[in-house]
>>> print(open('model30.txt').read())   # compact mmCIF, N, CA and C atoms
# COMPACT_ATOMS: atom_id res chain seq x y z
N MET A 19 29.61 211.04 39.78
CA MET A 19 30.34 209.80 39.96
C MET A 19 29.73 208.97 41.09
N TYR A 20 29.15 209.64 42.08
CA TYR A 20 28.57 208.92 43.21
C TYR A 20 27.55 207.89 42.74
N TYR A 21 26.60 208.32 41.93
CA TYR A 21 25.54 207.40 41.49
C TYR A 21 26.07 206.32 40.55
N HIS A 22 27.09 206.64 39.79
CA HIS A 22 27.73 205.65 38.93
C HIS A 22 28.31 204.54 39.80
N LYS A 23 29.04 204.92 40.84
CA LYS A 23 29.63 203.93 41.73
C LYS A 23 28.56 203.15 42.48
N LEU A 24 27.49 203.84 42.87
CA LEU A 24 26.39 203.16 43.54
C LEU A 24 25.74 202.13 42.62
N ALA A 25 25.56 202.50 41.35
CA ALA A 25 24.99 201.55 40.38
C ALA A 25 25.89 200.33 40.24
N LEU A 26 27.19 200.53 40.21
CA LEU A 26 28.13 199.40 40.13
C LEU A 26 28.01 198.50 41.36
N CYS A 27 27.90 199.10 42.52
CA CYS A 27 27.77 198.31 43.75
C CYS A 27 26.50 197.47 43.72
N HIS A 28 25.39 198.11 43.37
CA HIS A 28 24.12 197.37 43.29
C HIS A 28 24.20 196.26 42.23
N GLU A 29 24.82 196.56 41.11
CA GLU A 29 24.98 195.55 40.06
C GLU A 29 25.73 194.34 40.59
N GLN A 30 26.85 194.59 41.26
CA GLN A 30 27.68 193.50 41.76
C GLN A 30 26.98 192.69 42.85
N LEU A 31 26.05 193.34 43.56
CA LEU A 31 25.29 192.64 44.60
C LEU A 31 24.06 191.94 44.04
N GLY A 32 23.83 192.07 42.74
CA GLY A 32 22.67 191.44 42.12
C GLY A 32 21.37 192.19 42.36
N GLN A 33 21.47 193.43 42.77
CA GLN A 33 20.30 194.26 43.05
C GLN A 33 19.99 195.10 41.81
N ARG A 34 19.36 194.44 40.85
CA ARG A 34 19.16 195.04 39.53
C ARG A 34 18.31 196.30 39.56
N GLU A 35 17.19 196.28 40.25
CA GLU A 35 16.30 197.45 40.27
C GLU A 35 16.99 198.65 40.90
N GLU A 36 17.73 198.41 41.98
CA GLU A 36 18.47 199.49 42.63
C GLU A 36 19.58 200.01 41.71
N ALA A 37 20.21 199.10 40.97
CA ALA A 37 21.25 199.49 40.03
C ALA A 37 20.67 200.37 38.93
N TYR A 38 19.51 199.98 38.40
CA TYR A 38 18.86 200.80 37.37
C TYR A 38 18.52 202.19 37.91
N ALA A 39 17.99 202.25 39.13
CA ALA A 39 17.62 203.54 39.73
C ALA A 39 18.84 204.44 39.89
N ALA A 40 19.93 203.88 40.40
CA ALA A 40 21.16 204.66 40.58
C ALA A 40 21.73 205.10 39.23
N LEU A 41 21.63 204.23 38.25
CA LEU A 41 22.13 204.55 36.91
C LEU A 41 21.35 205.71 36.30
N GLU A 42 20.04 205.70 36.47
CA GLU A 42 19.22 206.81 35.96
C GLU A 42 19.61 208.12 36.63
N LYS A 43 19.87 208.09 37.92
CA LYS A 43 20.30 209.30 38.64
C LYS A 43 21.67 209.76 38.14
N ALA A 44 22.55 208.80 37.88
CA ALA A 44 23.89 209.15 37.38
C ALA A 44 23.79 209.86 36.04
N LEU A 45 22.97 209.34 35.15
CA LEU A 45 22.84 209.92 33.81
C LEU A 45 22.12 211.27 33.82
N ALA A 46 21.27 211.49 34.83
CA ALA A 46 20.53 212.74 34.91
C ALA A 46 21.31 213.83 35.65
N ALA A 47 22.30 213.45 36.41
CA ALA A 47 23.05 214.40 37.23
C ALA A 47 23.91 215.32 36.36
N PRO A 48 24.08 216.57 36.82
CA PRO A 48 25.00 217.46 36.09
C PRO A 48 26.43 216.95 36.24
N LEU A 49 27.26 217.34 35.32
CA LEU A 49 28.64 216.84 35.27
C LEU A 49 29.43 217.20 36.51
N GLY A 50 29.33 218.39 37.00
CA GLY A 50 30.13 218.79 38.14
C GLY A 50 31.58 219.02 37.72
N THR A 51 32.49 218.85 38.65
CA THR A 51 33.91 219.06 38.34
C THR A 51 34.50 217.79 37.76
N ALA A 52 35.55 217.97 36.99
CA ALA A 52 36.23 216.83 36.39
C ALA A 52 36.95 216.05 37.48
N PRO A 53 36.92 214.72 37.40
CA PRO A 53 37.64 213.91 38.39
C PRO A 53 39.13 214.19 38.34
N LEU A 54 39.79 214.03 39.47
CA LEU A 54 41.24 214.18 39.51
C LEU A 54 41.86 213.17 38.55
N GLY A 55 42.86 213.58 37.85
CA GLY A 55 43.53 212.68 36.92
C GLY A 55 42.99 212.77 35.51
N THR A 56 42.05 213.69 35.28
CA THR A 56 41.51 213.85 33.94
C THR A 56 42.56 214.57 33.09
N LYS A 57 42.84 214.01 31.92
CA LYS A 57 43.84 214.59 31.02
C LYS A 57 43.23 215.61 30.07
N THR A 58 41.92 215.72 30.05
CA THR A 58 41.25 216.67 29.18
C THR A 58 40.42 217.62 30.02
N ASP A 59 40.26 218.83 29.56
CA ASP A 59 39.39 219.77 30.27
C ASP A 59 38.11 220.05 29.47
N ASP A 60 37.88 219.27 28.43
CA ASP A 60 36.69 219.41 27.60
C ASP A 60 35.50 218.74 28.29
N PRO A 61 34.54 219.53 28.81
CA PRO A 61 33.42 218.94 29.54
C PRO A 61 32.57 217.99 28.69
N LYS A 62 32.48 218.25 27.39
CA LYS A 62 31.71 217.36 26.52
C LYS A 62 32.40 216.00 26.41
N LYS A 63 33.71 216.00 26.32
CA LYS A 63 34.48 214.76 26.23
C LYS A 63 34.36 213.98 27.54
N ILE A 64 34.49 214.68 28.65
CA ILE A 64 34.38 214.04 29.96
C ILE A 64 32.99 213.42 30.12
N ARG A 65 31.96 214.16 29.73
CA ARG A 65 30.59 213.64 29.85
C ARG A 65 30.37 212.44 28.93
N ALA A 66 30.93 212.49 27.73
CA ALA A 66 30.77 211.39 26.79
C ALA A 66 31.39 210.10 27.35
N ILE A 67 32.56 210.21 27.96
CA ILE A 67 33.21 209.04 28.54
C ILE A 67 32.42 208.53 29.74
N PHE A 68 31.94 209.45 30.56
CA PHE A 68 31.10 209.06 31.70
C PHE A 68 29.86 208.32 31.21
N ASP A 69 29.24 208.84 30.17
CA ASP A 69 28.06 208.18 29.60
C ASP A 69 28.40 206.78 29.08
N GLN A 70 29.59 206.63 28.48
CA GLN A 70 30.03 205.32 28.01
C GLN A 70 30.12 204.33 29.17
N THR A 71 30.69 204.76 30.28
CA THR A 71 30.82 203.86 31.43
C THR A 71 29.45 203.48 31.97
N CYS A 72 28.52 204.42 31.96
CA CYS A 72 27.15 204.13 32.40
C CYS A 72 26.46 203.16 31.44
N GLN A 73 26.71 203.34 30.16
CA GLN A 73 26.09 202.44 29.17
C GLN A 73 26.60 201.00 29.33
N LEU A 74 27.83 200.84 29.76
CA LEU A 74 28.35 199.49 30.00
C LEU A 74 27.59 198.81 31.14
N ILE A 75 27.30 199.58 32.18
CA ILE A 75 26.51 199.03 33.28
C ILE A 75 25.13 198.64 32.77
N ARG A 76 24.51 199.53 32.01
CA ARG A 76 23.17 199.24 31.47
C ARG A 76 23.21 198.00 30.58
N PHE A 77 24.25 197.88 29.78
CA PHE A 77 24.41 196.71 28.91
C PHE A 77 24.38 195.43 29.74
N ARG A 78 25.16 195.42 30.83
CA ARG A 78 25.23 194.23 31.66
C ARG A 78 23.91 193.95 32.37
N LEU A 79 23.21 195.01 32.76
CA LEU A 79 21.92 194.83 33.41
C LEU A 79 20.85 194.35 32.44
N ASP A 80 20.87 194.89 31.22
CA ASP A 80 19.85 194.55 30.22
C ASP A 80 20.06 193.17 29.61
N ASP A 81 21.30 192.78 29.46
CA ASP A 81 21.62 191.53 28.75
C ASP A 81 22.42 190.62 29.68
N LEU A 82 21.74 189.71 30.33
CA LEU A 82 22.42 188.82 31.27
C LEU A 82 23.44 187.92 30.57
N ASP A 83 23.35 187.82 29.27
CA ASP A 83 24.30 187.03 28.48
C ASP A 83 25.27 187.96 27.74
N TYR A 84 25.59 189.08 28.37
CA TYR A 84 26.41 190.13 27.73
C TYR A 84 27.77 189.64 27.27
N LEU A 85 28.32 188.63 27.93
CA LEU A 85 29.65 188.15 27.57
C LEU A 85 29.67 187.46 26.20
N LYS A 86 28.50 187.09 25.71
CA LYS A 86 28.41 186.48 24.39
C LYS A 86 27.98 187.49 23.33
N ASN A 87 27.79 188.72 23.74
CA ASN A 87 27.32 189.76 22.83
C ASN A 87 28.52 190.56 22.31
N PRO A 88 28.84 190.45 21.03
CA PRO A 88 30.01 191.16 20.50
C PRO A 88 29.88 192.69 20.61
N GLU A 89 28.67 193.21 20.64
CA GLU A 89 28.49 194.66 20.78
C GLU A 89 28.96 195.14 22.15
N TYR A 90 28.75 194.32 23.17
CA TYR A 90 29.24 194.67 24.50
C TYR A 90 30.76 194.73 24.48
N GLY A 91 31.40 193.73 23.91
CA GLY A 91 32.86 193.71 23.83
C GLY A 91 33.41 194.92 23.08
N LYS A 92 32.75 195.27 22.00
CA LYS A 92 33.17 196.42 21.21
C LYS A 92 33.03 197.71 22.03
N ALA A 93 31.91 197.87 22.72
CA ALA A 93 31.68 199.07 23.54
C ALA A 93 32.66 199.12 24.71
N LEU A 94 32.93 197.98 25.31
CA LEU A 94 33.86 197.91 26.43
C LEU A 94 35.27 198.31 26.01
N ARG A 95 35.74 197.73 24.92
CA ARG A 95 37.09 198.05 24.44
C ARG A 95 37.21 199.53 24.07
N ALA A 96 36.19 200.08 23.43
CA ALA A 96 36.21 201.50 23.05
C ALA A 96 36.25 202.38 24.29
N CYS A 97 35.48 202.02 25.30
CA CYS A 97 35.44 202.80 26.53
C CYS A 97 36.79 202.77 27.23
N VAL A 98 37.39 201.62 27.34
CA VAL A 98 38.69 201.50 28.00
C VAL A 98 39.74 202.31 27.24
N GLN A 99 39.69 202.30 25.92
CA GLN A 99 40.63 203.11 25.14
C GLN A 99 40.46 204.60 25.41
N GLU A 100 39.21 205.05 25.50
CA GLU A 100 38.94 206.46 25.81
C GLU A 100 39.43 206.81 27.20
N LEU A 101 39.23 205.91 28.14
CA LEU A 101 39.72 206.15 29.50
C LEU A 101 41.25 206.26 29.51
N LYS A 102 41.92 205.39 28.78
CA LYS A 102 43.38 205.43 28.72
C LYS A 102 43.88 206.76 28.15
N LYS A 103 43.18 207.27 27.13
CA LYS A 103 43.62 208.50 26.47
C LYS A 103 43.30 209.74 27.29
N ASN A 104 42.23 209.73 28.05
CA ASN A 104 41.72 210.96 28.65
C ASN A 104 41.74 211.01 30.17
N TYR A 105 42.08 209.91 30.81
CA TYR A 105 42.08 209.87 32.27
C TYR A 105 43.37 209.26 32.78
N ALA A 106 43.58 209.38 34.07
CA ALA A 106 44.73 208.73 34.70
C ALA A 106 44.59 207.22 34.55
N THR A 107 45.69 206.53 34.61
CA THR A 107 45.74 205.10 34.38
C THR A 107 44.77 204.32 35.27
N ASN A 108 44.59 204.76 36.51
CA ASN A 108 43.76 203.99 37.43
C ASN A 108 42.30 203.88 36.97
N PHE A 109 41.81 204.83 36.18
CA PHE A 109 40.44 204.74 35.67
C PHE A 109 40.32 203.56 34.69
N ALA A 110 41.27 203.41 33.80
CA ALA A 110 41.25 202.29 32.87
C ALA A 110 41.46 200.98 33.62
N HIS A 111 42.34 201.00 34.61
CA HIS A 111 42.60 199.78 35.39
C HIS A 111 41.35 199.34 36.15
N PHE A 112 40.57 200.28 36.62
CA PHE A 112 39.33 199.93 37.32
C PHE A 112 38.42 199.12 36.40
N HIS A 113 38.35 199.51 35.13
CA HIS A 113 37.47 198.82 34.18
C HIS A 113 38.12 197.58 33.56
N ALA A 114 39.39 197.36 33.84
CA ALA A 114 40.09 196.20 33.30
C ALA A 114 39.48 194.90 33.78
N ARG A 115 38.85 194.92 34.93
CA ARG A 115 38.18 193.72 35.46
C ARG A 115 37.18 193.16 34.45
N TRP A 116 36.40 194.04 33.86
CA TRP A 116 35.40 193.62 32.89
C TRP A 116 36.04 193.24 31.56
N LEU A 117 37.14 193.90 31.24
CA LEU A 117 37.87 193.56 30.03
C LEU A 117 38.46 192.15 30.16
N LEU A 118 39.02 191.84 31.30
CA LEU A 118 39.54 190.49 31.55
C LEU A 118 38.42 189.47 31.47
N GLU A 119 37.29 189.80 32.06
CA GLU A 119 36.13 188.91 32.03
C GLU A 119 35.70 188.64 30.59
N TRP A 120 35.67 189.71 29.78
CA TRP A 120 35.25 189.58 28.38
C TRP A 120 36.22 188.70 27.59
N TYR A 121 37.52 189.03 27.69
CA TYR A 121 38.51 188.28 26.93
C TYR A 121 38.52 186.81 27.35
N THR A 122 38.44 186.54 28.63
CA THR A 122 38.46 185.16 29.12
C THR A 122 37.22 184.40 28.64
N ALA A 123 36.05 185.01 28.75
CA ALA A 123 34.81 184.35 28.32
C ALA A 123 34.82 184.06 26.83
N ASN A 124 35.55 184.86 26.07
CA ASN A 124 35.61 184.69 24.62
C ASN A 124 36.91 184.03 24.16
N ARG A 125 37.58 183.40 25.11
CA ARG A 125 38.79 182.62 24.87
C ARG A 125 39.89 183.41 24.17
N GLN A 126 39.99 184.66 24.52
CA GLN A 126 41.05 185.51 23.98
C GLN A 126 42.10 185.69 25.09
N TYR A 127 42.73 184.58 25.41
CA TYR A 127 43.61 184.53 26.57
C TYR A 127 44.85 185.40 26.42
N GLN A 128 45.37 185.52 25.24
CA GLN A 128 46.55 186.36 25.04
C GLN A 128 46.21 187.82 25.33
N LYS A 129 45.04 188.25 24.88
CA LYS A 129 44.62 189.64 25.15
C LYS A 129 44.39 189.85 26.64
N ALA A 130 43.82 188.86 27.31
CA ALA A 130 43.62 188.96 28.76
C ALA A 130 44.98 189.06 29.46
N TYR A 131 45.91 188.26 29.03
CA TYR A 131 47.26 188.29 29.60
C TYR A 131 47.91 189.65 29.35
N ASP A 132 47.73 190.19 28.17
CA ASP A 132 48.30 191.50 27.85
C ASP A 132 47.72 192.59 28.76
N VAL A 133 46.43 192.50 29.06
CA VAL A 133 45.81 193.47 29.99
C VAL A 133 46.45 193.34 31.36
N LEU A 134 46.64 192.12 31.82
CA LEU A 134 47.29 191.90 33.12
C LEU A 134 48.71 192.45 33.14
N LEU A 135 49.44 192.23 32.07
CA LEU A 135 50.81 192.75 32.00
C LEU A 135 50.82 194.27 32.05
N GLU A 136 49.90 194.89 31.31
CA GLU A 136 49.83 196.36 31.30
C GLU A 136 49.51 196.90 32.69
N ILE A 137 48.57 196.29 33.35
CA ILE A 137 48.21 196.74 34.70
C ILE A 137 49.39 196.57 35.64
N SER A 138 50.03 195.43 35.56
CA SER A 138 51.18 195.15 36.42
C SER A 138 52.33 196.11 36.16
N ALA A 139 52.61 196.37 34.90
CA ALA A 139 53.70 197.28 34.54
C ALA A 139 53.43 198.68 35.03
N ASN A 140 52.21 199.15 34.90
CA ASN A 140 51.85 200.49 35.34
C ASN A 140 51.76 200.59 36.86
N HIS A 141 51.42 199.48 37.49
CA HIS A 141 51.31 199.47 38.95
C HIS A 141 52.69 199.58 39.59
N HIS A 142 53.69 198.97 38.96
CA HIS A 142 55.05 198.96 39.51
C HIS A 142 55.90 200.11 38.99
N ALA A 143 55.37 200.90 38.09
CA ALA A 143 56.17 202.00 37.52
C ALA A 143 56.26 203.17 38.46
>>> encode(input="model30.txt", output="C-alpha cells")
Amino acid sequence: MYYHKLALCHEQLGQREEAYAALEKALAAPLGTAPLGTKTDDPKKIRAIFDQTCQLIRFRLDDLDYLKNPEYGKALRACVQELKKNYATNFAHFHARWLLEWYTANRQYQKAYDVLLEISANHHA
C-alpha cells in the first residue's frame, strides 16, 4: 500500500515519472497483510482489487484525456463497486473523488450527487 499511496501523491503533484516508478514498485511488491477493514480474507481477491486501483493510476498517467475515455469510467466504477463489496466504506470513499470527477466531466450530475449523498450518509451514520 505504501507505494500505491506514493504513486498517488506523485500523480497529484504532477510528477509523472516518479508516479510511474512508485506504481511499478507497488505492482511488484508482495501482498503482505490485508488492510484493516477488509471484508474478505481471500488473498487473490485482495490482490485483484489492489491491482485495479493501481491500474486506475496508470490509466490517468497514460491518458491525460482520461475523463473523456469511457474505458476509464467503466474501470473506475467497477473498482469502486469491488471496494464497496470487499473493504470498509472508507476505501470506496477515498476513491469517490475520482468518481465525482468522472461523473461531473461527463455531465452525469445526478450520479455525482448520489455519490455525495452516499458518502454523507455513511459519514454521519
>>> closest_residue(input="model30.txt", among="A:Gln128, A:Thr56, A:Thr122, A:Gln73", to="Ala110 (chain A)", atoms="only C-alpha atoms")
A:Thr56
>>> atom_distance(input="model30.txt", atom1="atom C of Val98 (chain A)", atom2="CA of Leu31 (chain A)")
24.6 Å
>>> residues_around(input="model30.txt", residues="Ala47 (chain A)", least_positions_apart="5", cutoff="8 Å", atoms="only N, CA and C atoms", output="PyMOL selection string")
chain A and resi 19+41-42
>>> residues_around(input="model30.txt", residues="Leu74 (chain A)", least_positions_apart="4", cutoff="7 Å", atoms="only N, CA and C atoms", output="list in words")
Asp69, Gln70, Arg78, Leu79, Ala93 and Leu94 of chain A
>>> atom_distance(input="model30.txt", atom1="atom N of Leu49 (chain A)", atom2="atom C of Glu29 (chain A)")
23.6 Å
>>> residues_around(input="model30.txt", residues="Tyr21 (chain A)", least_positions_apart="5", cutoff="6.5 Å", atoms="all atoms listed in the file", output="list of chain:residue names")
A:Leu26, A:Ala40, A:Leu41, A:Lys43, A:Ala44
>>> residues_around(input="model30.txt", residues="Arg76 (chain A)", least_positions_apart="4", cutoff="8 Å", atoms="all atoms listed in the file", output="PyMOL selection string")
chain A and resi 37-38+41+70-72+80-81
>>> select_by_dssp(input="model30.txt", residues="chain A", states="alpha helix (DSSP H)", output="PyMOL selection string")
chain A and resi 20-30+34-46+61-80+88-104+107-123+127-142
>>> atom_distance(input="model30.txt", atom1="CA of Lys102 (chain A)", atom2="CA of Ala66 (chain A)")
14.1 Å
>>> closest_residue(input="model30.txt", among="A:Leu82, A:Trp120, A:Val133, A:Ile67", to="Leu101 (chain A)", atoms="only N, CA and C atoms")
A:Ile67
>>> closest_residue(input="model30.txt", among="A:Gln30, A:Leu24, A:Lys57, A:Asn124", to="Lys103 (chain A)", atoms="all atoms listed in the file")
A:Lys57
>>> residues_around(input="model30.txt", residues="Arg95 (chain A)", least_positions_apart="5", cutoff="7 Å", atoms="all atoms listed in the file", output="number ranges by chain")
A: 90, 100, 117
>>> closest_residue(input="model30.txt", among="A:Ile75, A:Lys63, A:Glu136, A:Phe109", to="Ala25 (chain A)", atoms="only C-alpha atoms")
A:Ile75
>>> decode(input="model30.txt", residues="region 94-105 of chain A", atoms="all heavy atoms", output="mmCIF file, in the first residue's frame")
data_model
loop_
_atom_site.group_PDB
_atom_site.id
_atom_site.type_symbol
_atom_site.label_atom_id
_atom_site.label_comp_id
_atom_site.auth_asym_id
_atom_site.auth_seq_id
_atom_site.Cartn_x
_atom_site.Cartn_y
_atom_site.Cartn_z
ATOM 1 N N LEU A 94 -13.181 2.524 -13.452
ATOM 2 C CA LEU A 94 -13.339 3.232 -12.181
ATOM 3 C C LEU A 94 -14.582 2.765 -11.438
ATOM 4 O O LEU A 94 -14.534 2.450 -10.249
ATOM 5 C CB LEU A 94 -13.395 4.738 -12.439
ATOM 6 C CG LEU A 94 -13.644 5.635 -11.241
ATOM 7 C CD1 LEU A 94 -12.538 5.491 -10.210
ATOM 8 C CD2 LEU A 94 -13.770 7.081 -11.699
ATOM 9 N N ARG A 95 -15.699 2.718 -12.144
ATOM 10 C CA ARG A 95 -16.943 2.283 -11.495
ATOM 11 C C ARG A 95 -16.839 0.837 -11.001
ATOM 12 O O ARG A 95 -17.297 0.514 -9.904
ATOM 13 C CB ARG A 95 -18.127 2.470 -12.444
ATOM 14 C CG ARG A 95 -18.470 3.937 -12.666
ATOM 15 C CD ARG A 95 -19.751 4.149 -13.460
ATOM 16 N NE ARG A 95 -19.786 3.440 -14.731
ATOM 17 C CZ ARG A 95 -19.334 3.924 -15.882
ATOM 18 N NH1 ARG A 95 -18.801 5.126 -15.922
ATOM 19 N NH2 ARG A 95 -19.414 3.232 -16.993
ATOM 20 N N ALA A 96 -16.227 -0.030 -11.785
ATOM 21 C CA ALA A 96 -16.053 -1.431 -11.377
ATOM 22 C C ALA A 96 -15.176 -1.528 -10.139
ATOM 23 O O ALA A 96 -15.461 -2.303 -9.216
ATOM 24 C CB ALA A 96 -15.456 -2.242 -12.527
ATOM 25 N N CYS A 97 -14.118 -0.744 -10.105
ATOM 26 C CA CYS A 97 -13.212 -0.764 -8.965
ATOM 27 C C CYS A 97 -13.921 -0.285 -7.697
ATOM 28 O O CYS A 97 -13.801 -0.912 -6.642
ATOM 29 C CB CYS A 97 -11.984 0.094 -9.252
ATOM 30 S SG CYS A 97 -10.764 0.076 -7.929
ATOM 31 N N VAL A 98 -14.650 0.793 -7.788
ATOM 32 C CA VAL A 98 -15.365 1.323 -6.624
ATOM 33 C C VAL A 98 -16.390 0.304 -6.124
ATOM 34 O O VAL A 98 -16.554 0.112 -4.913
ATOM 35 C CB VAL A 98 -16.003 2.695 -6.924
ATOM 36 C CG1 VAL A 98 -16.941 3.138 -5.810
ATOM 37 C CG2 VAL A 98 -14.916 3.741 -7.155
ATOM 38 N N GLN A 99 -17.064 -0.386 -7.030
ATOM 39 C CA GLN A 99 -18.018 -1.421 -6.619
ATOM 40 C C GLN A 99 -17.323 -2.552 -5.870
ATOM 41 O O GLN A 99 -17.827 -3.047 -4.864
ATOM 42 C CB GLN A 99 -18.781 -1.966 -7.836
ATOM 43 C CG GLN A 99 -19.799 -1.014 -8.397
ATOM 44 C CD GLN A 99 -20.829 -0.585 -7.359
ATOM 45 O OE1 GLN A 99 -21.322 -1.363 -6.559
ATOM 46 N NE2 GLN A 99 -21.139 0.697 -7.360
ATOM 47 N N GLU A 100 -16.161 -2.968 -6.357
ATOM 48 C CA GLU A 100 -15.394 -4.022 -5.678
ATOM 49 C C GLU A 100 -14.937 -3.557 -4.303
ATOM 50 O O GLU A 100 -14.967 -4.316 -3.338
ATOM 51 C CB GLU A 100 -14.194 -4.459 -6.522
ATOM 52 C CG GLU A 100 -14.567 -5.318 -7.707
ATOM 53 C CD GLU A 100 -15.263 -6.607 -7.297
ATOM 54 O OE1 GLU A 100 -14.762 -7.319 -6.388
ATOM 55 O OE2 GLU A 100 -16.306 -6.926 -7.892
ATOM 56 N N LEU A 101 -14.520 -2.314 -4.213
ATOM 57 C CA LEU A 101 -14.112 -1.772 -2.915
ATOM 58 C C LEU A 101 -15.289 -1.763 -1.942
ATOM 59 O O LEU A 101 -15.139 -2.130 -0.777
ATOM 60 C CB LEU A 101 -13.553 -0.357 -3.085
ATOM 61 C CG LEU A 101 -12.169 -0.274 -3.718
ATOM 62 C CD1 LEU A 101 -11.861 1.168 -4.119
ATOM 63 C CD2 LEU A 101 -11.107 -0.805 -2.779
ATOM 64 N N LYS A 102 -16.458 -1.360 -2.416
ATOM 65 C CA LYS A 102 -17.648 -1.338 -1.555
ATOM 66 C C LYS A 102 -17.983 -2.731 -1.026
ATOM 67 O O LYS A 102 -18.376 -2.886 0.129
ATOM 68 C CB LYS A 102 -18.854 -0.793 -2.319
ATOM 69 C CG LYS A 102 -18.853 0.688 -2.513
ATOM 70 C CD LYS A 102 -20.104 1.092 -3.283
ATOM 71 C CE LYS A 102 -20.148 2.547 -3.604
ATOM 72 N NZ LYS A 102 -21.352 2.911 -4.371
ATOM 73 N N LYS A 103 -17.845 -3.743 -1.895
ATOM 74 C CA LYS A 103 -18.213 -5.109 -1.507
ATOM 75 C C LYS A 103 -17.177 -5.749 -0.589
ATOM 76 O O LYS A 103 -17.540 -6.562 0.260
ATOM 77 C CB LYS A 103 -18.366 -5.999 -2.747
ATOM 78 C CG LYS A 103 -19.626 -5.755 -3.537
ATOM 79 C CD LYS A 103 -19.849 -6.820 -4.587
ATOM 80 C CE LYS A 103 -18.775 -6.787 -5.637
ATOM 81 N NZ LYS A 103 -19.052 -7.639 -6.806
ATOM 82 N N ASN A 104 -15.915 -5.407 -0.744
ATOM 83 C CA ASN A 104 -14.854 -6.171 -0.095
ATOM 84 C C ASN A 104 -14.034 -5.418 0.945
ATOM 85 O O ASN A 104 -13.189 -6.022 1.599
ATOM 86 C CB ASN A 104 -13.908 -6.724 -1.163
ATOM 87 C CG ASN A 104 -14.595 -7.738 -2.036
ATOM 88 O OD1 ASN A 104 -14.874 -8.842 -1.602
ATOM 89 N ND2 ASN A 104 -14.906 -7.361 -3.272
ATOM 90 N N TYR A 105 -14.261 -4.125 1.072
ATOM 91 C CA TYR A 105 -13.484 -3.325 2.009
ATOM 92 C C TYR A 105 -14.408 -2.459 2.846
ATOM 93 O O TYR A 105 -15.572 -2.275 2.524
ATOM 94 C CB TYR A 105 -12.507 -2.416 1.253
ATOM 95 C CG TYR A 105 -11.289 -3.137 0.728
ATOM 96 C CD1 TYR A 105 -11.354 -3.877 -0.449
ATOM 97 C CD2 TYR A 105 -10.081 -3.073 1.394
ATOM 98 C CE1 TYR A 105 -10.245 -4.538 -0.934
ATOM 99 C CE2 TYR A 105 -8.961 -3.732 0.907
ATOM 100 C CZ TYR A 105 -9.049 -4.457 -0.257
ATOM 101 O OH TYR A 105 -7.958 -5.112 -0.737
#
